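Asks: Input query_34.txt, format and content: compact mmCIF, C-alpha atoms.
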```txt
# COMPACT_ATOMS: atom_id res chain seq x y z
CA MET A 1 -65.24 71.51 13.48
CA SER A 2 -68.32 73.62 14.14
CA ARG A 3 -71.19 73.43 11.68
CA THR A 4 -71.14 77.21 11.13
CA SER A 5 -67.62 77.06 9.71
CA LYS A 6 -68.51 74.50 7.06
CA ASP A 7 -68.82 76.79 4.06
CA THR A 8 -65.50 78.50 4.62
CA GLU A 9 -63.75 75.19 5.13
CA LEU A 10 -65.47 73.30 2.34
CA ALA A 11 -62.73 73.71 -0.25
CA ARG A 12 -60.09 72.46 2.15
CA ARG A 13 -62.13 69.43 3.10
CA LEU A 14 -62.85 68.63 -0.53
CA SER A 15 -59.15 68.54 -1.34
CA ARG A 16 -59.08 64.90 -0.19
CA ARG A 17 -55.60 65.30 1.34
CA ASN A 18 -56.61 63.94 4.73
CA VAL A 19 -56.91 60.26 5.44
CA LEU A 20 -59.99 58.93 7.18
CA GLY A 21 -59.72 58.52 10.92
CA VAL A 22 -62.64 56.21 11.53
CA ALA A 23 -63.23 53.14 13.66
CA ALA A 24 -63.89 51.00 10.61
CA GLY A 25 -60.13 50.57 10.24
CA ALA A 26 -57.36 51.24 7.79
CA THR A 27 -58.62 48.90 5.08
CA ALA A 28 -61.98 50.62 4.68
CA ALA A 29 -60.33 54.02 4.91
CA THR A 30 -57.90 53.15 2.16
CA ILE A 31 -60.65 51.85 -0.13
CA ILE A 32 -62.94 54.81 0.34
CA GLY A 33 -60.16 57.41 0.27
CA THR A 34 -58.64 56.09 -2.92
CA ALA A 35 -61.97 55.90 -4.72
CA SER A 36 -62.93 59.40 -3.69
CA ALA A 37 -59.55 60.88 -4.54
CA GLN A 38 -59.75 59.40 -8.03
CA ALA A 39 -63.27 60.71 -8.47
CA ALA A 40 -62.24 64.12 -7.17
CA GLY A 41 -59.43 64.27 -9.69
CA ARG A 42 -61.81 63.49 -12.54
CA ASP A 43 -64.40 65.98 -11.37
CA HIS A 44 -61.98 68.84 -10.73
CA ALA A 45 -60.62 68.34 -14.22
CA GLN A 46 -64.13 68.97 -15.53
CA GLY A 47 -64.70 71.97 -13.29
CA PRO A 48 -67.21 72.36 -10.45
CA GLY A 49 -70.90 72.43 -11.23
CA LYS A 50 -70.40 71.98 -14.96
CA GLY A 51 -73.94 71.47 -16.20
CA HIS A 52 -76.11 71.92 -19.24
CA GLY A 53 -79.04 74.07 -18.28
CA PRO A 54 -79.95 77.40 -16.69
CA GLY A 55 -78.50 77.82 -13.23
CA HIS A 56 -75.63 75.43 -14.00
CA GLY A 57 -72.43 77.29 -14.68
CA HIS A 58 -74.16 80.49 -13.51
CA GLY A 59 -74.73 81.91 -10.07
CA HIS A 60 -71.30 80.95 -8.74
CA GLY A 61 -68.86 83.22 -6.96
CA LYS A 62 -69.76 86.22 -4.84
CA GLY A 63 -73.19 86.92 -3.42
CA LYS A 64 -75.61 85.39 -0.94
CA PRO A 65 -75.49 81.58 -0.95
CA VAL A 66 -78.65 80.02 -2.34
CA LEU A 67 -78.31 77.06 0.03
CA PRO A 68 -79.26 77.98 3.61
CA PRO A 69 -76.59 77.13 6.18
CA GLY A 70 -77.08 73.89 8.07
CA ARG A 71 -79.72 72.56 5.70
CA LEU A 72 -77.87 70.32 3.25
CA GLY A 73 -78.61 66.62 3.61
CA ILE A 74 -78.34 63.48 1.54
CA GLN A 75 -80.66 60.51 1.09
CA LEU A 76 -78.52 57.53 2.10
CA TYR A 77 -80.19 55.34 -0.52
CA SER A 78 -77.77 57.02 -2.92
CA LEU A 79 -74.87 55.56 -0.92
CA ARG A 80 -76.31 52.12 -0.25
CA ASP A 81 -73.45 50.39 -2.09
CA GLN A 82 -70.87 51.93 0.24
CA ILE A 83 -72.95 51.45 3.39
CA SER A 84 -73.64 47.79 2.64
CA THR A 85 -69.94 46.99 2.21
CA LEU A 86 -68.02 49.48 4.38
CA GLY A 87 -70.67 50.48 6.89
CA PHE A 88 -72.02 53.79 8.16
CA ALA A 89 -68.81 55.00 9.85
CA PRO A 90 -66.60 55.52 6.76
CA VAL A 91 -69.52 56.96 4.80
CA PHE A 92 -70.43 59.42 7.56
CA ALA A 93 -66.80 60.50 7.77
CA GLU A 94 -66.84 61.30 4.08
CA LEU A 95 -70.13 63.18 4.28
CA GLU A 96 -68.76 65.32 7.10
CA LYS A 97 -65.78 66.22 4.93
CA TYR A 98 -68.03 67.02 2.00
CA GLY A 99 -69.94 69.60 4.01
CA TYR A 100 -73.20 67.78 4.74
CA ASP A 101 -75.32 68.74 7.72
CA GLU A 102 -78.06 66.12 7.65
CA ILE A 103 -78.90 62.60 6.53
CA GLU A 104 -82.14 60.97 5.48
CA LEU A 105 -82.17 57.26 6.22
CA ALA A 106 -83.39 54.43 3.98
CA GLY A 107 -82.88 51.50 6.34
CA TYR A 108 -80.97 51.00 9.56
CA THR A 109 -78.59 48.15 8.67
CA GLN A 110 -75.13 48.10 7.11
CA GLY A 111 -74.84 44.72 5.41
CA SER A 112 -71.48 42.99 5.61
CA ALA A 113 -70.14 45.69 7.90
CA GLY A 114 -71.98 43.98 10.74
CA PRO A 115 -74.84 44.68 13.13
CA ILE A 116 -75.46 48.15 14.49
CA THR A 117 -78.05 49.27 17.04
CA LEU A 118 -80.25 52.31 16.63
CA ALA A 119 -78.47 53.94 19.57
CA GLN A 120 -75.10 53.32 17.92
CA LEU A 121 -76.35 54.67 14.59
CA LYS A 122 -77.70 57.80 16.25
CA ARG A 123 -74.44 58.36 18.12
CA LEU A 124 -72.33 57.76 15.03
CA ALA A 125 -74.25 60.38 13.07
CA LYS A 126 -73.88 62.87 15.91
CA ASP A 127 -70.14 62.21 16.14
CA HIS A 128 -69.81 63.26 12.51
CA GLY A 129 -72.02 66.33 12.87
CA LEU A 130 -74.86 64.79 10.87
CA ASN A 131 -78.45 65.30 11.95
CA PRO A 132 -80.76 62.36 11.07
CA ILE A 133 -83.65 64.44 9.75
CA GLY A 134 -85.94 61.75 8.33
CA SER A 135 -86.38 58.20 7.12
CA HIS A 136 -88.23 56.29 4.38
CA VAL A 137 -90.38 53.31 5.38
CA GLY A 138 -92.85 51.31 3.29
CA TYR A 139 -96.50 52.36 3.27
CA TYR A 140 -98.12 48.92 3.21
CA ASP A 141 -97.70 45.23 2.45
CA ASP A 142 -101.17 43.76 2.86
CA ASN A 143 -99.93 40.23 2.15
CA ASN A 144 -97.52 40.25 5.10
CA PRO A 145 -98.80 41.19 8.58
CA GLY A 146 -95.22 41.25 9.86
CA ALA A 147 -94.01 43.74 7.25
CA TYR A 148 -92.04 46.75 8.47
CA THR A 149 -94.53 49.28 7.10
CA PHE A 150 -96.80 51.99 8.41
CA ALA A 151 -99.93 49.96 7.68
CA GLN A 152 -98.75 46.71 9.25
CA ASN A 153 -96.49 47.87 12.12
CA LEU A 154 -97.08 51.55 12.79
CA GLU A 155 -95.98 51.56 16.42
CA LYS A 156 -92.71 49.72 15.70
CA VAL A 157 -91.90 52.14 12.88
CA LEU A 158 -92.54 55.09 15.19
CA ASP A 159 -90.62 53.48 18.07
CA ASP A 160 -87.54 53.18 15.88
CA ALA A 161 -87.88 56.70 14.50
CA GLN A 162 -88.17 58.06 18.02
CA ALA A 163 -85.11 56.09 19.14
CA LEU A 164 -83.13 57.73 16.33
CA GLY A 165 -84.36 61.17 17.30
CA LEU A 166 -85.99 61.79 13.92
CA LYS A 167 -88.11 64.88 13.38
CA HIS A 168 -89.72 63.42 10.27
CA ILE A 169 -90.77 59.88 9.38
CA GLY A 170 -92.26 59.12 6.00
CA THR A 171 -92.75 56.90 2.99
CA ALA A 172 -91.66 56.97 -0.63
CA SER A 173 -94.56 54.69 -1.55
CA GLY A 174 -97.29 56.18 -3.70
CA PRO A 175 -100.86 56.39 -2.30
CA PHE A 176 -102.05 53.64 -4.67
CA ARG A 177 -103.04 51.11 -2.01
CA TYR A 178 -106.70 51.27 -3.04
CA GLY A 179 -106.22 52.04 -6.70
CA SER A 180 -106.10 55.19 -8.82
CA THR A 181 -109.64 56.47 -8.32
CA VAL A 182 -110.59 59.58 -6.37
CA ASP A 183 -112.22 57.48 -3.65
CA GLY A 184 -109.19 55.21 -3.53
CA TRP A 185 -106.94 58.18 -2.87
CA LYS A 186 -109.33 59.51 -0.27
CA ARG A 187 -108.95 56.21 1.56
CA ALA A 188 -105.17 56.46 1.32
CA ALA A 189 -105.40 60.03 2.63
CA ASP A 190 -107.31 58.69 5.64
CA ASP A 191 -104.45 56.25 6.24
CA PHE A 192 -101.94 59.07 6.05
CA ASN A 193 -103.96 61.19 8.46
CA THR A 194 -103.89 58.29 10.92
CA TYR A 195 -100.11 57.90 10.62
CA GLY A 196 -99.66 61.66 10.87
CA ALA A 197 -101.70 61.85 14.06
CA ALA A 198 -99.69 59.01 15.62
CA ALA A 199 -96.40 60.63 14.60
CA ARG A 200 -97.50 64.01 15.92
CA LYS A 201 -98.17 62.51 19.37
CA ARG A 202 -94.48 61.61 19.44
CA GLY A 203 -93.28 65.00 18.27
CA MET A 204 -92.63 63.94 14.67
CA LYS A 205 -94.03 64.82 11.24
CA PHE A 206 -95.27 62.14 8.85
CA TYR A 207 -94.50 62.81 5.17
CA GLN A 208 -94.95 61.31 1.71
CA HIS A 209 -92.32 61.45 -1.03
CA ASN A 210 -93.56 61.65 -4.62
CA HIS A 211 -92.55 60.06 -7.86
CA ALA A 212 -94.00 61.18 -11.19
CA GLU A 213 -97.14 59.03 -11.06
CA GLU A 214 -98.66 60.92 -8.14
CA PHE A 215 -99.31 63.77 -10.59
CA SER A 216 -101.28 61.57 -13.00
CA PHE A 217 -105.06 61.67 -13.33
CA ALA A 218 -107.77 59.62 -11.62
CA THR A 219 -109.02 56.69 -13.64
CA ASP A 220 -112.67 57.43 -12.79
CA LYS A 221 -112.41 61.22 -13.12
CA PRO A 222 -109.75 61.92 -15.77
CA LYS A 223 -109.87 65.67 -15.21
CA VAL A 224 -108.79 65.31 -11.55
CA ARG A 225 -105.09 65.18 -10.73
CA LEU A 226 -104.46 62.60 -8.02
CA TYR A 227 -101.86 64.74 -6.23
CA ASP A 228 -104.52 67.42 -5.76
CA VAL A 229 -106.75 64.83 -4.08
CA LEU A 230 -103.92 64.01 -1.69
CA LEU A 231 -103.42 67.68 -0.84
CA ALA A 232 -107.11 68.30 -0.33
CA GLU A 233 -107.92 65.18 1.70
CA THR A 234 -104.97 65.12 4.09
CA ASP A 235 -104.85 67.31 7.18
CA PRO A 236 -102.10 69.93 6.68
CA ASP A 237 -101.29 69.72 10.37
CA LEU A 238 -100.77 65.96 10.20
CA VAL A 239 -99.50 65.06 6.73
CA TYR A 240 -96.49 66.71 5.10
CA LEU A 241 -94.82 66.27 1.73
CA GLU A 242 -91.30 65.74 0.51
CA MET A 243 -91.11 66.94 -3.06
CA ASP A 244 -88.70 64.98 -5.19
CA ILE A 245 -87.99 67.83 -7.55
CA TYR A 246 -86.65 65.64 -10.34
CA TRP A 247 -89.71 63.41 -10.42
CA ALA A 248 -91.97 66.45 -10.21
CA TYR A 249 -90.35 67.84 -13.35
CA CYS A 250 -90.70 64.46 -15.02
CA ALA A 251 -94.39 64.66 -14.12
CA GLN A 252 -94.55 68.11 -15.69
CA PHE A 253 -93.28 66.55 -18.92
CA ARG A 254 -95.67 63.57 -18.75
CA PHE A 255 -98.85 64.99 -17.22
CA SER A 256 -99.31 68.56 -18.44
CA LYS A 257 -102.09 67.29 -20.70
CA ARG A 258 -105.05 65.07 -19.90
CA ALA A 259 -105.92 61.95 -21.85
CA ASP A 260 -108.29 63.95 -24.07
CA GLY A 261 -105.49 66.33 -24.99
CA SER A 262 -106.73 69.27 -22.91
CA LYS A 263 -104.10 71.32 -21.14
CA ALA A 264 -103.40 70.72 -17.47
CA PRO A 265 -100.50 73.01 -16.50
CA LEU A 266 -98.19 71.59 -13.84
CA ASP A 267 -95.52 73.72 -12.18
CA PRO A 268 -93.70 72.02 -9.27
CA LEU A 269 -92.46 75.33 -7.87
CA LYS A 270 -95.99 76.76 -7.73
CA TYR A 271 -97.14 73.82 -5.62
CA VAL A 272 -94.48 74.65 -3.05
CA LEU A 273 -95.07 78.39 -3.06
CA LYS A 274 -98.82 77.82 -2.61
CA HIS A 275 -98.36 75.33 0.25
CA PRO A 276 -94.92 76.15 1.71
CA ASN A 277 -95.58 74.76 5.17
CA ARG A 278 -96.45 71.36 3.75
CA TYR A 279 -92.96 70.85 2.28
CA PRO A 280 -90.36 70.58 5.05
CA LEU A 281 -88.20 68.23 2.96
CA PHE A 282 -87.01 68.11 -0.65
CA HIS A 283 -85.02 65.71 -2.77
CA VAL A 284 -82.48 67.56 -4.89
CA LYS A 285 -82.03 65.26 -7.87
CA ASP A 286 -80.89 66.38 -11.32
CA GLY A 287 -81.54 65.28 -14.88
CA VAL A 288 -80.54 66.02 -18.44
CA ARG A 289 -83.56 66.91 -20.58
CA ASP A 290 -84.31 64.27 -23.20
CA ASP A 291 -87.70 64.43 -24.87
CA THR A 292 -87.18 61.00 -26.43
CA THR A 293 -87.52 59.28 -23.04
CA ARG A 294 -90.72 58.46 -21.17
CA ASP A 295 -89.95 60.89 -18.34
CA GLY A 296 -88.40 63.66 -20.39
CA TYR A 297 -85.15 63.53 -18.40
CA ARG A 298 -82.20 61.23 -17.85
CA MET A 299 -81.09 61.25 -14.21
CA SER A 300 -77.68 62.80 -13.56
CA ASP A 301 -75.45 63.97 -10.75
CA VAL A 302 -76.56 67.24 -9.19
CA GLY A 303 -74.97 70.02 -11.22
CA ASP A 304 -74.72 68.00 -14.42
CA GLY A 305 -78.36 68.35 -15.48
CA ASP A 306 -80.87 70.91 -16.65
CA ILE A 307 -82.99 71.54 -13.56
CA ASP A 308 -82.53 75.13 -12.44
CA TYR A 309 -81.78 74.68 -8.77
CA LYS A 310 -80.49 78.20 -8.30
CA THR A 311 -83.93 79.56 -9.13
CA PHE A 312 -85.88 76.83 -7.36
CA LEU A 313 -84.02 77.09 -4.06
CA SER A 314 -83.91 80.89 -4.18
CA LYS A 315 -87.64 81.26 -4.68
CA VAL A 316 -88.57 78.71 -2.04
CA THR A 317 -86.23 80.05 0.61
CA ASN A 318 -86.88 83.73 -0.07
CA ARG A 319 -90.62 83.68 -0.76
CA THR A 320 -91.91 81.30 1.91
CA HIS A 321 -92.34 81.96 5.61
CA HIS A 322 -89.09 81.15 7.45
CA GLY A 323 -87.94 79.59 4.17
CA ARG A 324 -84.24 79.60 4.96
CA SER A 325 -84.74 77.80 8.25
CA TYR A 326 -87.80 75.64 7.59
CA HIS A 327 -86.91 73.56 4.54
CA HIS A 328 -84.35 70.74 4.32
CA TRP A 329 -82.62 69.81 1.06
CA GLN A 330 -81.56 66.19 0.49
CA ALA A 331 -79.27 65.40 -2.45
CA GLU A 332 -80.11 62.14 -4.19
CA HIS A 333 -79.34 59.98 -7.21
CA ASP A 334 -81.09 56.63 -7.58
CA ASN A 335 -78.18 54.88 -9.29
CA PRO A 336 -75.02 57.00 -9.35
CA VAL A 337 -72.03 55.70 -11.28
CA ASP A 338 -69.78 56.61 -8.32
CA SER A 339 -71.83 57.28 -5.21
CA LEU A 340 -69.06 59.03 -3.28
CA ALA A 341 -68.20 61.26 -6.23
CA PHE A 342 -71.90 62.05 -6.56
CA ALA A 343 -72.11 63.07 -2.89
CA ARG A 344 -69.04 65.27 -3.14
CA LYS A 345 -70.07 66.93 -6.41
CA SER A 346 -73.60 67.60 -5.17
CA SER A 347 -72.38 69.37 -2.06
CA GLU A 348 -69.78 71.33 -3.98
CA HIS A 349 -72.29 72.47 -6.60
CA LEU A 350 -75.07 73.44 -4.20
CA HIS A 351 -72.70 75.30 -1.89
CA SER A 352 -71.33 77.22 -4.90
CA LEU A 353 -74.67 78.63 -6.05
CA ARG A 354 -75.12 82.34 -5.40
CA GLU A 355 -78.06 84.70 -5.82
CA GLY A 356 -78.16 87.97 -7.70
CA ARG A 357 -76.65 86.72 -10.92
CA CYS A 358 -77.98 86.21 -14.47
CA GLY A 359 -80.58 88.94 -14.04
CA ASP A 360 -82.29 87.41 -11.00
```
Just dump the structure as structure tokens.

Replies:
Amino acid sequence: MSRTSKDTELARRLSRRNVLGVAAGATAATIIGTASAQAAGRDHAQGPGKGHGPGHGHGHGKGKPVLPPGRLGIQLYSLRDQISTLGFAPVFAELEKYGYDEIELAGYTQGSAGPITLAQLKRLAKDHGLNPIGSHVGYYDDNNPGAYTFAQNLEKVLDDAQALGLKHIGTASGPFRYGSTVDGWKRAADDFNTYGAAARKRGMKFYQHNHAEEFSFATDKPKVRLYDVLLAETDPDLVYLEMDIYWAYCAQFRFSKRADGSKAPLDPLKYVLKHPNRYPLFHVKDGVRDDTTRDGYRMSDVGDGDIDYKTFLSKVTNRTHHGRSYHHWQAEHDNPVDSLAFARKSSEHLHSLREGRCGD
């Protein structure tokens, strides 16, 4: 099936009527098909994209799709339970049926499913129409010179990324290697510039993925937001950013005031619109607002939370240069109850969003 026909065929592929035809064999196919069919039945009973907040339950139907064609991916960390037991092949077959275009890797092994080479992994993704767009690798492990990290084994990390044909190679580790001071983050920025330069020589982009703490304040200069130090001290031609939108909104809840109580407004969307070329990748992760929790949200499946993805995606893709072709959107949930159901629901919800509704 061609990638351009995905949207029109999505409903058919989500029906779960077809059995998996994958090399992993009938046993794995039966396990994964049964689990997904049961999840699909539960989710369809609830209705697609049934969420709590603005943008959820709105923006469906006719109109221009919010999600650009060919740009929906998934962070495979969300599916690590399936990959570690069944392997990449059955999982990739499901993702193809769910309408995914891309994958972001979080390791290159498949547990009890047996060994797999990088060449085999690359070929398997291609066979299922999935473009490996990026990968997460550790930033540093200063106690282990053999660690598979940028700091300890940069060339090996880049060799593997190049073998997989990745366009982006990055880390989900925070820039806290040298502490939480301004100078400490300047040193980390120097590290990132080094990794970015090495990646660029190989035709790749180095990137850093945030959690909430990156938006906290420097311990030596409590009026300075650490994320702003990272932006200012890294070369925009060498170091890129993957905004985890969920964690950015958690940071908005936690770090919109300084320790002295003074206001420090934080708007994740404004960061992107101000620096659009620095954000080739995003994590699309949802959460239900809960002010009683530390982060202000409880993580949920995409479409079941309160983050307004219709507005976020629309503004980024329509108001940034080449926005509909530049940015890549990776669905993610750190600990989904049913990882396959999460993957299916996320694709279904994001494909269903349409612009020009609710007064937009």

Asks: Figure out the distance between CA of Thr219 in chain A and CA of Pro268 in chain A, please, to one decimal in Å.

Replies: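 Separation of CA of Pro268 in chain A and CA of Thr219 in chain A: 22.1 Å.
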
Asks: Tell me, counting all atoms listed in the file, for each residue of range 143-236 of chain A within 10 Å of range 275-283 of chain A, which pair of atoms is nearest and how far apart they are in Å to one decimal, in rows ordered by chain and increasing number, as CSV.

Replies:
```
residue,atom,partner,partner_atom,distance
A:His168,CA,A:Leu281,CA,8.9
A:Lys205,CA,A:Pro280,CA,9.2
A:Tyr207,CA,A:Leu281,CA,8.6
A:Gln208,CA,A:Leu281,CA,9.7
A:His209,CA,A:Phe282,CA,8.5
A:Asn210,CA,A:His283,CA,9.6
A:Leu231,CA,A:Arg278,CA,9.1
A:Asp235,CA,A:Arg278,CA,9.9
A:Pro236,CA,A:Arg278,CA,6.5
```

Asks: Could you tell me which of A:Tyr297, A:Tyr309, A:Tyr108, A:Trp185 comes closest to Gly134 in chain A if we count all atoms listed in the file?

Replies: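 Using all atoms listed in the file, the shortest distance to Gly134 in chain A belongs to A:Tyr108.
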
Asks: Quick one: of A:Lys285, A:His328, A:Arg71, A:Arg177, who's nearest to Arg298 in chain A, counting all atoms listed in the file?

Replies: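 Of A:Lys285, A:His328, A:Arg71, A:Arg177, the one nearest Arg298 in chain A, counting all atoms listed in the file, is A:Lys285.
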
Asks: When you count only C-alpha atoms, which of these residues is closest to His333 in chain A: A:Glu214, A:Asp160, A:Asp291, A:Asp286?

Replies: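 For His333 in chain A, the nearest of the candidates is A:Asp286.
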
Asks: Please identify every residue of range 87-129 of chain A that has at least one atom no farther than 9 Å from an atom of range 339-352 of chain A, counting all atoms listed in the file, and for each give the shortest atom pair and the distance in Å to one decimal, arranged by chain then increasing number, as CSV.

Replies:
```
residue,atom,partner,partner_atom,distance
A:Val91,CA,A:Leu340,CA,8.4
A:Glu94,CA,A:Leu340,CA,8.0
A:Leu95,CA,A:Ala343,CA,7.4
A:Lys97,CA,A:Arg344,CA,8.8
A:Tyr98,CA,A:Arg344,CA,5.5
A:Gly99,CA,A:Ser347,CA,6.5
A:Tyr100,CA,A:Ser347,CA,7.0
```

Asks: Give me the residues near Lys122 in chain A as a list in words, where near means some atom within 8 Å (using all atoms listed in the file) and where sequence neighbours in that chain fewer than 3 positions away do not count.

Replies: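 Those residues are Leu118, Ala119, Ala125, Lys126, Pro132, Leu164 and Gly165 of chain A.
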
Asks: What separation in Å, quoted to one decimal, exists between CA of Gly305 in chain A and CA of Arg289 in chain A?

Replies: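 Separation of CA of Gly305 in chain A and CA of Arg289 in chain A: 7.4 Å.
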
Asks: Determine the nearest neighbour of Ala331 in chain A from the options A:Ile245, A:Leu226, A:Ala113, A:Ala89, counting only C-alpha atoms.

Replies: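 Ranked by minimum distance to Ala331 in chain A, first place goes to A:Ile245.
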
Asks: Residues at most 12 Å from range 201-204 of chain A, counting only C-alpha atoms, excluding those fewer than 6 positions away in the same chain, as a VMD selection string?

Replies: chain A and resid 133 to 135 155 157 to 170 194 to 195 237 to 240 280

Asks: Kindly export the residues of the current selection with C-alpha atoms, as a PDB file, in the coordinates of the input.

Replies:
```pdb
ATOM      1  CA  ILE A 133     -83.650  64.440   9.750  1.00  0.00           C
ATOM      2  CA  GLY A 134     -85.940  61.750   8.330  1.00  0.00           C
ATOM      3  CA  SER A 135     -86.380  58.200   7.120  1.00  0.00           C
ATOM      4  CA  GLU A 155     -95.980  51.560  16.420  1.00  0.00           C
ATOM      5  CA  VAL A 157     -91.900  52.140  12.880  1.00  0.00           C
ATOM      6  CA  LEU A 158     -92.540  55.090  15.190  1.00  0.00           C
ATOM      7  CA  ASP A 159     -90.620  53.480  18.070  1.00  0.00           C
ATOM      8  CA  ASP A 160     -87.540  53.180  15.880  1.00  0.00           C
ATOM      9  CA  ALA A 161     -87.880  56.700  14.500  1.00  0.00           C
ATOM     10  CA  GLN A 162     -88.170  58.060  18.020  1.00  0.00           C
ATOM     11  CA  ALA A 163     -85.110  56.090  19.140  1.00  0.00           C
ATOM     12  CA  LEU A 164     -83.130  57.730  16.330  1.00  0.00           C
ATOM     13  CA  GLY A 165     -84.360  61.170  17.300  1.00  0.00           C
ATOM     14  CA  LEU A 166     -85.990  61.790  13.920  1.00  0.00           C
ATOM     15  CA  LYS A 167     -88.110  64.880  13.380  1.00  0.00           C
ATOM     16  CA  HIS A 168     -89.720  63.420  10.270  1.00  0.00           C
ATOM     17  CA  ILE A 169     -90.770  59.880   9.380  1.00  0.00           C
ATOM     18  CA  GLY A 170     -92.260  59.120   6.000  1.00  0.00           C
ATOM     19  CA  THR A 194    -103.890  58.290  10.920  1.00  0.00           C
ATOM     20  CA  TYR A 195    -100.110  57.900  10.620  1.00  0.00           C
ATOM     21  CA  ASP A 237    -101.290  69.720  10.370  1.00  0.00           C
ATOM     22  CA  LEU A 238    -100.770  65.960  10.200  1.00  0.00           C
ATOM     23  CA  VAL A 239     -99.500  65.060   6.730  1.00  0.00           C
ATOM     24  CA  TYR A 240     -96.490  66.710   5.100  1.00  0.00           C
ATOM     25  CA  PRO A 280     -90.360  70.580   5.050  1.00  0.00           C
TER      26      PRO A 280
END
```

Asks: Between CA of Trp329 in chain A and CA of Thr317 in chain A, what distance in Å does the model show, to one decimal?

Replies: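 Spanning CA of Trp329 in chain A to CA of Thr317 in chain A is a straight-line distance of 10.9 Å.
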
Asks: Using only C-alpha atoms, which of A:Glu213, A:Glu355, A:Asp142, A:Asp301 sits nearest Gly63 in chain A?

Replies: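 Smallest distance to Gly63 in chain A is found for A:Glu355.
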
Asks: Give me, as a ChimeraX atom specification, all polymer residues having an atom no more than 12 Å from Val66 in chain A, counting all atoms listed in the file and skipping those fewer than 4 positions away in the same chain.

Replies: /A:55,59-62,71-72,308-318,323-324,329,349-357,360

Asks: Identify, on the basis of all atoms listed in the file, every residue whose closest approach to Pro265 in chain A does not exceed 9 Å; exclude the query and any residue fewer than 6 positions from it along the same chain; express the result as a list in words.

Replies: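 Surrounding residues, per the criterion: Gln252, Phe255, Ser256 and Lys257 of chain A.
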